[in-house]
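The structure file input.json is reproduced below (JSON, C-alpha atoms and all ligand atoms).
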```json
[["chain", "number", "residue", "atom", "x", "y", "z"],
["P", 1, "MET", "CA", -2.05, 7.09, -2.81],
["P", 2, "LEU", "CA", -5.77, 7.73, -3.26],
["P", 3, "THR", "CA", -6.70, 5.34, -0.49],
["P", 4, "GLN", "CA", -4.60, 7.15, 2.15],
["P", 5, "HIS", "CA", -6.83, 8.22, 5.07],
["P", 6, "THR", "CA", -10.03, 7.07, 3.37],
["P", 7, "GLY", "CA", -11.87, 3.86, 2.59],
["P", 8, "TRP", "CA", -11.25, 1.89, -0.59],
["P", 9, "THR", "CA", -14.79, 2.68, -1.83],
["P", 10, "ASN", "CA", -13.96, 6.39, -2.04],
["P", 11, "ALA", "CA", -10.58, 5.74, -3.65],
["P", 12, "ALA", "CA", -12.25, 3.42, -6.18],
["P", 13, "ARG", "CA", -14.72, 6.17, -7.10],
["P", 14, "ALA", "CA", -11.80, 8.50, -7.78],
["P", 15, "VAL", "CA", -10.08, 5.85, -9.89],
["P", 16, "ALA", "CA", -13.30, 5.28, -11.85],
["P", 17, "GLU", "CA", -13.54, 9.02, -12.52],
["P", 18, "LEU", "CA", -9.91, 9.12, -13.68],
["P", 19, "ARG", "CA", -10.64, 6.22, -16.00],
["P", 20, "ARG", "CA", -13.85, 7.82, -17.28],
["P", 21, "ARG", "CA", -11.89, 10.93, -18.23],
["P", 22, "ARG", "CA", -9.14, 8.85, -19.82],
["P", 23, "LEU", "CA", -6.54, 10.14, -17.36],
["P", 24, "LEU", "CA", -5.45, 6.78, -16.02],
["P", 25, "THR", "CA", -1.98, 6.66, -17.55],
["P", 26, "PRO", "CA", 1.17, 8.16, -16.02],
["P", 27, "ARG", "CA", 1.72, 10.48, -19.01],
["P", 28, "ARG", "CA", -1.81, 11.88, -18.93],
["P", 29, "LEU", "CA", -1.76, 12.23, -15.16],
["P", 30, "ALA", "CA", 1.56, 14.08, -15.30],
["P", 31, "ALA", "CA", 0.23, 16.38, -18.04],
["P", 32, "ALA", "CA", -3.05, 17.19, -16.27],
["P", 33, "PRO", "CA", -3.18, 20.54, -14.43],
["P", 34, "GLU", "CA", -3.23, 19.93, -10.69],
["P", 35, "ARG", "CA", -6.48, 21.82, -10.19],
["P", 36, "GLN", "CA", -8.23, 19.66, -12.78],
["P", 37, "LEU", "CA", -6.76, 16.54, -11.22],
["P", 38, "ALA", "CA", -7.99, 17.63, -7.80],
["P", 39, "ARG", "CA", -11.54, 18.03, -9.11],
["P", 40, "VAL", "CA", -11.47, 14.60, -10.74],
["P", 41, "ILE", "CA", -10.29, 12.76, -7.62],
["P", 42, "ARG", "CA", -12.54, 14.71, -5.24],
["P", 43, "ALA", "CA", -14.25, 11.50, -4.04],
["P", 44, "ALA", "CA", -10.99, 10.32, -2.45],
["P", 45, "GLY", "CA", -10.96, 13.20, 0.08],
["P", 46, "THR", "CA", -8.09, 15.66, 0.82],
["P", 47, "TYR", "CA", -8.10, 15.91, -2.96],
["P", 48, "ARG", "CA", -5.83, 18.98, -3.40],
["P", 49, "LEU", "CA", -3.10, 17.32, -1.38],
["P", 50, "LYS", "CA", -3.57, 14.00, -3.16],
["P", 51, "ALA", "CA", -3.54, 15.70, -6.58],
["P", 52, "ARG", "CA", -0.22, 17.35, -5.67],
["P", 53, "ARG", "CA", 1.23, 14.02, -4.53],
["P", 54, "LEU", "CA", -0.09, 12.15, -7.53],
["P", 55, "ALA", "CA", 1.37, 14.78, -9.86],
["P", 56, "ALA", "CA", 4.75, 14.59, -8.10],
["P", 57, "PHE", "CA", 4.79, 10.80, -8.32],
["P", 58, "THR", "CA", 3.81, 10.65, -11.99],
["P", 59, "ARG", "CA", 6.37, 13.35, -12.87],
["P", 60, "TRP", "CA", 9.01, 11.31, -11.07],
["P", 61, "LEU", "CA", 7.91, 8.15, -12.91],
["P", 62, "LEU", "CA", 8.06, 10.04, -16.20],
["P", 63, "GLU", "CA", 11.49, 11.56, -15.61],
["P", 64, "ARG", "CA", 13.22, 8.60, -13.97],
["P", 65, "HIS", "CA", 11.51, 5.65, -15.65],
["P", 66, "GLY", "CA", 9.93, 6.94, -18.85],
["P", 67, "ALA", "CA", 6.41, 6.73, -17.42],
["P", 68, "SER", "CA", 6.63, 2.95, -17.25],
["P", 69, "PHE", "CA", 6.48, 0.59, -14.30],
["P", 70, "ARG", "CA", 8.90, -1.69, -16.16],
["P", 71, "GLY", "CA", 11.83, 0.40, -14.91],
["P", 72, "LEU", "CA", 10.62, -0.07, -11.34],
["P", 73, "ARG", "CA", 10.78, -3.83, -11.85],
["P", 74, "ARG", "CA", 14.47, -3.71, -12.77],
["P", 75, "ALA", "CA", 15.98, -0.90, -10.69],
["P", 76, "PRO", "CA", 18.13, -1.84, -7.65],
["P", 77, "LEU", "CA", 15.59, -2.26, -4.87],
["P", 78, "LEU", "CA", 17.05, -0.36, -1.92],
["P", 79, "PRO", "CA", 17.95, 2.86, -3.79],
["P", 80, "LEU", "CA", 14.57, 2.69, -5.54],
["P", 81, "ARG", "CA", 12.74, 2.40, -2.19],
["P", 82, "ARG", "CA", 14.77, 5.32, -0.82],
["P", 83, "GLU", "CA", 13.80, 7.42, -3.85],
["P", 84, "LEU", "CA", 10.12, 6.60, -3.43],
["P", 85, "LEU", "CA", 10.29, 7.49, 0.26],
["P", 86, "GLY", "CA", 11.75, 10.85, -0.73],
["P", 87, "LEU", "CA", 8.65, 11.76, -2.78],
["P", 88, "PRO", "CA", 6.02, 13.95, -1.11],
["P", 89, "GLY", "CA", 3.38, 12.02, 0.80],
["P", 90, "LEU", "CA", 4.89, 8.60, 0.20],
["P", 91, "GLY", "CA", 5.35, 6.88, 3.54],
["P", 92, "PRO", "CA", 6.71, 3.35, 3.83],
["P", 93, "GLU", "CA", 3.30, 1.70, 3.49],
["P", 94, "THR", "CA", 2.43, 3.47, 0.23],
["P", 95, "ALA", "CA", 5.95, 3.10, -1.16],
["P", 96, "ASP", "CA", 5.95, -0.62, -0.37],
["P", 97, "ALA", "CA", 2.47, -1.09, -1.84],
["P", 98, "ILE", "CA", 3.76, 0.46, -5.09],
["P", 99, "LEU", "CA", 6.86, -1.75, -5.01],
["P", 100, "LEU", "CA", 4.94, -4.96, -4.32],
["P", 101, "TYR", "CA", 1.70, -4.49, -6.26],
["P", 102, "ALA", "CA", 2.78, -2.29, -9.16],
["P", 103, "ALA", "CA", 6.43, -3.26, -9.56],
["P", 104, "ASP", "CA", 6.30, -6.89, -8.43],
["P", 105, "ARG", "CA", 9.20, -6.46, -6.00],
["P", 106, "PRO", "CA", 9.72, -8.60, -2.87],
["P", 107, "VAL", "CA", 8.75, -6.00, -0.25],
["P", 108, "PHE", "CA", 6.17, -6.86, 2.41],
["P", 109, "VAL", "CA", 3.50, -4.24, 3.08],
["P", 110, "ALA", "CA", 3.39, -4.25, 6.90],
["P", 111, "ASP", "CA", 0.23, -2.20, 7.27],
["P", 112, "ALA", "CA", -1.90, -1.80, 10.39],
["P", 113, "TYR", "CA", -3.83, -5.06, 9.76],
["P", 114, "VAL", "CA", -0.60, -7.01, 9.47],
["P", 115, "ARG", "CA", 0.96, -5.42, 12.54],
["P", 116, "ARG", "CA", -2.14, -6.09, 14.61],
["P", 117, "VAL", "CA", -2.39, -9.79, 13.68],
["P", 118, "LEU", "CA", 1.32, -10.43, 14.21],
["P", 119, "GLY", "CA", 1.28, -8.49, 17.47],
["P", 120, "ARG", "CA", -1.72, -10.32, 18.86],
["P", 121, "HIS", "CA", -0.03, -13.62, 18.00],
["P", 122, "ARG", "CA", 3.12, -12.50, 19.85],
["P", 123, "LEU", "CA", 5.30, -12.73, 16.74],
["P", 124, "VAL", "CA", 6.24, -9.07, 17.15],
["P", 125, "ASP", "CA", 5.59, -6.51, 19.84],
["P", 126, "LEU", "CA", 2.13, -4.99, 19.48],
["P", 127, "ALA", "CA", 3.73, -1.55, 19.37],
["P", 128, "ALA", "CA", 6.51, -2.59, 16.96],
["P", 129, "PRO", "CA", 7.12, 0.05, 14.29],
["P", 130, "TYR", "CA", 6.45, -0.53, 10.60],
["P", 131, "GLU", "CA", 10.05, -1.29, 9.61],
["P", 132, "THR", "CA", 10.48, -3.86, 12.38],
["P", 133, "VAL", "CA", 7.42, -5.82, 11.25],
["P", 134, "ARG", "CA", 8.38, -5.57, 7.58],
["P", 135, "GLY", "CA", 11.89, -6.80, 8.45],
["P", 136, "PHE", "CA", 10.48, -9.67, 10.52],
["P", 137, "LEU", "CA", 8.25, -10.91, 7.69],
["P", 138, "GLU", "CA", 10.91, -10.56, 5.02],
["P", 139, "ALA", "CA", 13.39, -12.43, 7.20],
["P", 140, "HIS", "CA", 10.97, -15.33, 7.76],
["P", 141, "LEU", "CA", 9.43, -15.75, 4.30],
["P", 142, "PRO", "CA", 10.95, -16.68, 0.95],
["P", 143, "SER", "CA", 11.68, -13.53, -1.05],
["P", 144, "ASP", "CA", 8.77, -14.01, -3.44],
["P", 145, "PRO", "CA", 6.50, -11.14, -4.58],
["P", 146, "ALA", "CA", 3.62, -13.49, -5.47],
["P", 147, "LEU", "CA", 3.76, -15.01, -1.98],
["P", 148, "TYR", "CA", 3.95, -11.57, -0.31],
["P", 149, "ASN", "CA", 1.05, -10.40, -2.44],
["P", 150, "GLU", "CA", -1.21, -13.29, -1.41],
["P", 151, "TYR", "CA", 0.02, -13.35, 2.20],
["P", 152, "HIS", "CA", -0.65, -9.64, 2.63],
["P", 153, "ALA", "CA", -4.10, -9.91, 1.03],
["P", 154, "LEU", "CA", -4.99, -12.81, 3.36],
["P", 155, "LEU", "CA", -3.82, -10.92, 6.46],
["P", 156, "VAL", "CA", -5.89, -7.90, 5.40],
["P", 157, "ALA", "CA", -8.92, -10.18, 4.91],
["P", 158, "VAL", "CA", -8.42, -11.66, 8.40],
["P", 159, "GLY", "CA", -7.94, -8.17, 9.81],
["P", 160, "LYS", "CA", -11.14, -6.85, 8.24],
["P", 161, "THR", "CA", -13.28, -9.85, 9.06],
["P", 162, "HIS", "CA", -11.96, -11.05, 12.42],
["P", 163, "CYS", "CA", -9.00, -9.16, 13.84],
["P", 164, "ARG", "CA", -10.76, -5.86, 14.32],
["P", 165, "SER", "CA", -10.16, -3.42, 17.18],
["P", 166, "VAL", "CA", -11.98, -5.98, 19.36],
["P", 167, "PRO", "CA", -10.79, -9.37, 18.05],
["P", 168, "ARG", "CA", -13.42, -11.87, 16.93],
["P", 169, "CYS", "CA", -11.34, -15.00, 17.45],
["P", 170, "ALA", "CA", -14.28, -17.41, 17.33],
["P", 171, "GLY", "CA", -14.40, -18.61, 13.73],
["P", 172, "CYS", "CA", -11.12, -16.92, 12.78],
["P", 173, "PRO", "CA", -8.92, -19.16, 10.59],
["P", 174, "LEU", "CA", -5.88, -18.19, 12.70],
["P", 175, "ARG", "CA", -7.43, -19.12, 16.04],
["P", 176, "ALA", "CA", -5.53, -22.44, 16.36],
["P", 177, "ASP", "CA", -2.26, -20.50, 16.19],
["P", 178, "LEU", "CA", -3.07, -18.89, 19.55],
["P", 179, "ARG", "CA", -2.79, -22.39, 21.09],
["P", 180, "GLY", "CA", -5.47, -21.71, 23.67],
["P", 181, "ARG", "CA", -3.99, -18.41, 24.85],
["P", 182, "PRO", "CA", -5.86, -15.12, 24.54],
["P", 183, "PRO", "CA", -4.55, -12.67, 21.94],
["P", 184, "ALA", "CA", -1.76, -10.40, 23.24],
["P", 185, "GLY", "CA", -2.89, -7.00, 24.39],
["M", 201, "LIG", "S1", -7.36, -15.54, 16.11],
["M", 201, "LIG", "FE1", -8.02, -13.66, 17.10],
["M", 201, "LIG", "S2", -6.12, -12.52, 17.45],
["M", 201, "LIG", "FE2", -5.71, -14.09, 15.93],
["M", 201, "LIG", "S3", -6.01, -13.10, 13.96],
["M", 201, "LIG", "FE3", -7.91, -14.10, 14.50],
["M", 201, "LIG", "S4", -9.11, -12.52, 15.53],
["M", 201, "LIG", "FE4", -6.98, -11.83, 15.51]]
```
Please render this file's structure as structure tokens.
Ligand code: SF4
Amino acid sequence: MLTQHTGWTNAARAVAELRRRRLLTPRRLAAAPERQLARVIRAAGTYRLKARRLAAFTRWLLERHGASFRGLRRAPLLPLRRELLGLPGLGPETADAILLYAADRPVFVADAYVRRVLGRHRLVDLAAPYETVRGFLEAHLPSDPALYNEYHALLVAVGKTHCRSVPRCAGCPLRADLRGRPPAG
């Protein structure tokens, strides 16, 4: 949630500040006044909005799952995803990142890096929406959170290092998969 619309460095500074003030547990986050929370996470940008969203999420976690991610690991997946998507500021990418990385559920995070790599390799349309790309990956991979976790991290690494807005295919580990064709788009 903190990394929405900002770089990871800024989000990490906000997390470090939360940790420094011993606020990095769902119960303490939920109990913290929103204005205080906003000041603490200032480094993450749009901090009032993010404080409101963080408070709403932690309250939900507290009320529905006793402030523990264990409940998220056991709850039926589709209703749980729908609930997360109903929380303020939680789009599919953030909801799926929570499900995969925090709750260890088999949901692929089809973020912009992933969509770009798959699109350029003609596996999906370059303009395919989030849910289409997520569905494609989940239909073609074993339903395994550890695999999704690693696969997503590797695609992000490729996206950051090589598959940027102008692709740097020379030296990219996925270059052979293009089979001599230029990237789509
Ligand atoms: S080979 Fe080119 S198009 Fe494919 S992922 Fe690498 S940089 Fe992107």
Distance filter 6 Å around ligand LIG 201 (chain M), atoms: all atoms listed in the file, out as a ChimeraX atom specification: /P:117,120,162-163,167-169,172,174-175,183
Quick one: residues within 10 Å of Glu93 (chain P), only C-alpha atoms, excluding same-chain residues fewer than 2 positions away - as a PyMOL selection string? chain P and resi 1+4+85+90-91+95-99+108-112+130-131+134
Leaving out region 56-72 of chain P and any residue of its chain fewer than 2 positions from it, which residues lie within 6 Å of it when counting only C-alpha atoms, given as JSON, numbers by chain? {"P": [26, 30, 53, 54, 74, 75, 103]}
Polymer residues at most 8 Å from (2.7, -16.0, 20.9) by only C-alpha atoms, as a PyMOL selection string: chain P and resi 120-123+178+184
Between CA of Tyr47 (chain P) and CA of Ala11 (chain P), measure the distance and give it in Å to one decimal.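 Spanning CA of Tyr47 (chain P) to CA of Ala11 (chain P) is a straight-line distance of 10.5 Å.
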Axis-aligned box for region 5-19 of chain P, 5 Å per side, centre and edges in Å as lines of an AutoDock Vina configuration file:
```
center_x = -10.8
center_y = 5.5
center_z = -5.5
size_x = 18.0
size_y = 17.2
size_z = 31.1
```
Pick the closest to Leu24 (chain P) from P:Leu77, P:Leu87, P:Ile41, P:Thr9: which is it, counting all atoms listed in the file?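 Residue with the minimum atom-to-atom distance to Leu24 (chain P): P:Ile41.
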Atomic distance CA of Arg181 (chain P) - CA of Ser165 (chain P), expressed in Å with one decimal: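 Going from CA of Arg181 (chain P) over to CA of Ser165 (chain P), I get 17.9 Å.
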Distance CA of Val156 (chain P)-CA of Val114 (chain P), one decimal place? 6.7 Å
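Selecting by distance to (-3.5, 8.7, 3.3) with a limit of 9 Å and using only C-alpha atoms, one obtains Met1, Leu2, Thr3, Gln4, His5, Thr6, Thr46, Lys50, Gly89, Leu90 and Thr94 of chain P.
Nearest residue to Tyr148 (chain P), choosing from P:Arg81, P:Pro76, P:Gly7, P:Pro106 and counting all atoms listed in the file: P:Pro106.
Distance annotation: of P:Arg48, P:His152, P:Arg20, P:Arg35, the residue with the minimal separation from Tyr113 (chain P) is P:His152; atom set is all atoms listed in the file.
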Pick the closest to Leu126 (chain P) from P:Gly45, P:Gly185, P:Arg52, P:Pro142: which is it, counting all atoms listed in the file? P:Gly185
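Nearest to Leu49 (chain P) of all the residues P:Leu23, P:Leu37, P:Gly135, P:Val124 is P:Leu37, based on all atoms listed in the file.
Each of P:Ala14, P:Leu118, P:Leu84, P:Leu137 was checked against Ala43 (chain P) using only C-alpha atoms; the smallest atom-to-atom distance is that of P:Ala14.
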Got a minute to add all heavy atoms to region 23-34 of chain P and dump it as a short mmCIF file (atom, residue, chain, number, x, y, z; two decimals), in the frame of the given file?
```cif
data_model
loop_
_atom_site.label_atom_id
_atom_site.label_comp_id
_atom_site.auth_asym_id
_atom_site.auth_seq_id
_atom_site.Cartn_x
_atom_site.Cartn_y
_atom_site.Cartn_z
N LEU P 23 -7.76 9.58 -17.97
CA LEU P 23 -6.54 10.14 -17.36
C LEU P 23 -5.68 9.07 -16.69
O LEU P 23 -4.67 9.37 -16.07
CB LEU P 23 -6.93 11.18 -16.30
CG LEU P 23 -7.37 12.54 -16.82
CD1 LEU P 23 -7.91 13.39 -15.69
CD2 LEU P 23 -6.19 13.26 -17.49
N LEU P 24 -6.10 7.82 -16.83
CA LEU P 24 -5.45 6.78 -16.02
C LEU P 24 -4.20 6.20 -16.69
O LEU P 24 -4.05 4.99 -16.81
CB LEU P 24 -6.47 5.69 -15.69
CG LEU P 24 -6.25 4.93 -14.39
CD1 LEU P 24 -6.09 5.87 -13.21
CD2 LEU P 24 -7.37 3.95 -14.13
N THR P 25 -3.31 7.09 -17.12
CA THR P 25 -1.98 6.66 -17.55
C THR P 25 -1.00 7.66 -16.94
O THR P 25 -1.36 8.83 -16.74
CB THR P 25 -1.80 6.69 -19.09
OG1 THR P 25 -1.74 8.06 -19.51
CG2 THR P 25 -2.92 5.97 -19.81
N PRO P 26 0.22 7.23 -16.64
CA PRO P 26 1.17 8.16 -16.02
C PRO P 26 1.38 9.43 -16.84
O PRO P 26 1.40 10.53 -16.29
CB PRO P 26 2.46 7.34 -15.92
CG PRO P 26 2.01 5.92 -15.88
CD PRO P 26 0.77 5.87 -16.74
N ARG P 27 1.48 9.29 -18.17
CA ARG P 27 1.72 10.48 -19.01
C ARG P 27 0.56 11.47 -18.92
O ARG P 27 0.77 12.68 -18.79
CB ARG P 27 1.94 10.08 -20.47
CG ARG P 27 3.32 9.58 -20.75
CD ARG P 27 3.58 9.36 -22.23
NE ARG P 27 4.72 8.49 -22.41
CZ ARG P 27 5.98 8.86 -22.24
NH1 ARG P 27 6.26 10.10 -21.91
NH2 ARG P 27 6.97 7.99 -22.39
N ARG P 28 -0.65 10.97 -18.99
CA ARG P 28 -1.81 11.88 -18.93
C ARG P 28 -1.97 12.48 -17.55
O ARG P 28 -2.35 13.64 -17.42
CB ARG P 28 -3.07 11.12 -19.35
CG ARG P 28 -3.04 10.82 -20.82
CD ARG P 28 -4.30 10.19 -21.29
NE ARG P 28 -4.17 9.83 -22.70
CZ ARG P 28 -5.02 9.06 -23.33
NH1 ARG P 28 -6.06 8.55 -22.72
NH2 ARG P 28 -4.83 8.79 -24.60
N LEU P 29 -1.69 11.68 -16.52
CA LEU P 29 -1.76 12.23 -15.16
C LEU P 29 -0.74 13.33 -14.98
O LEU P 29 -1.03 14.39 -14.44
CB LEU P 29 -1.50 11.12 -14.13
CG LEU P 29 -2.68 10.25 -13.72
CD1 LEU P 29 -2.22 9.20 -12.73
CD2 LEU P 29 -3.80 11.08 -13.12
N ALA P 30 0.49 13.09 -15.47
CA ALA P 30 1.56 14.08 -15.30
C ALA P 30 1.24 15.35 -16.08
O ALA P 30 1.63 16.45 -15.68
CB ALA P 30 2.89 13.48 -15.76
N ALA P 31 0.53 15.21 -17.19
CA ALA P 31 0.23 16.38 -18.04
C ALA P 31 -0.98 17.16 -17.53
O ALA P 31 -1.16 18.32 -17.90
CB ALA P 31 0.00 15.93 -19.48
N ALA P 32 -1.81 16.52 -16.71
CA ALA P 32 -3.05 17.19 -16.27
C ALA P 32 -2.73 18.30 -15.29
O ALA P 32 -1.92 18.12 -14.37
CB ALA P 32 -3.97 16.16 -15.62
N PRO P 33 -3.37 19.48 -15.43
CA PRO P 33 -3.18 20.54 -14.43
C PRO P 33 -3.66 20.04 -13.07
O PRO P 33 -4.67 19.34 -12.98
CB PRO P 33 -4.08 21.67 -14.95
CG PRO P 33 -4.36 21.34 -16.37
CD PRO P 33 -4.28 19.86 -16.51
N GLU P 34 -2.92 20.43 -12.03
CA GLU P 34 -3.23 19.93 -10.69
C GLU P 34 -4.65 20.25 -10.24
O GLU P 34 -5.30 19.46 -9.58
CB GLU P 34 -2.23 20.51 -9.68
CG GLU P 34 -1.17 19.48 -9.28
CD GLU P 34 -0.15 20.08 -8.35
OE1 GLU P 34 -0.51 20.61 -7.28
OE2 GLU P 34 1.02 20.03 -8.74
#
```
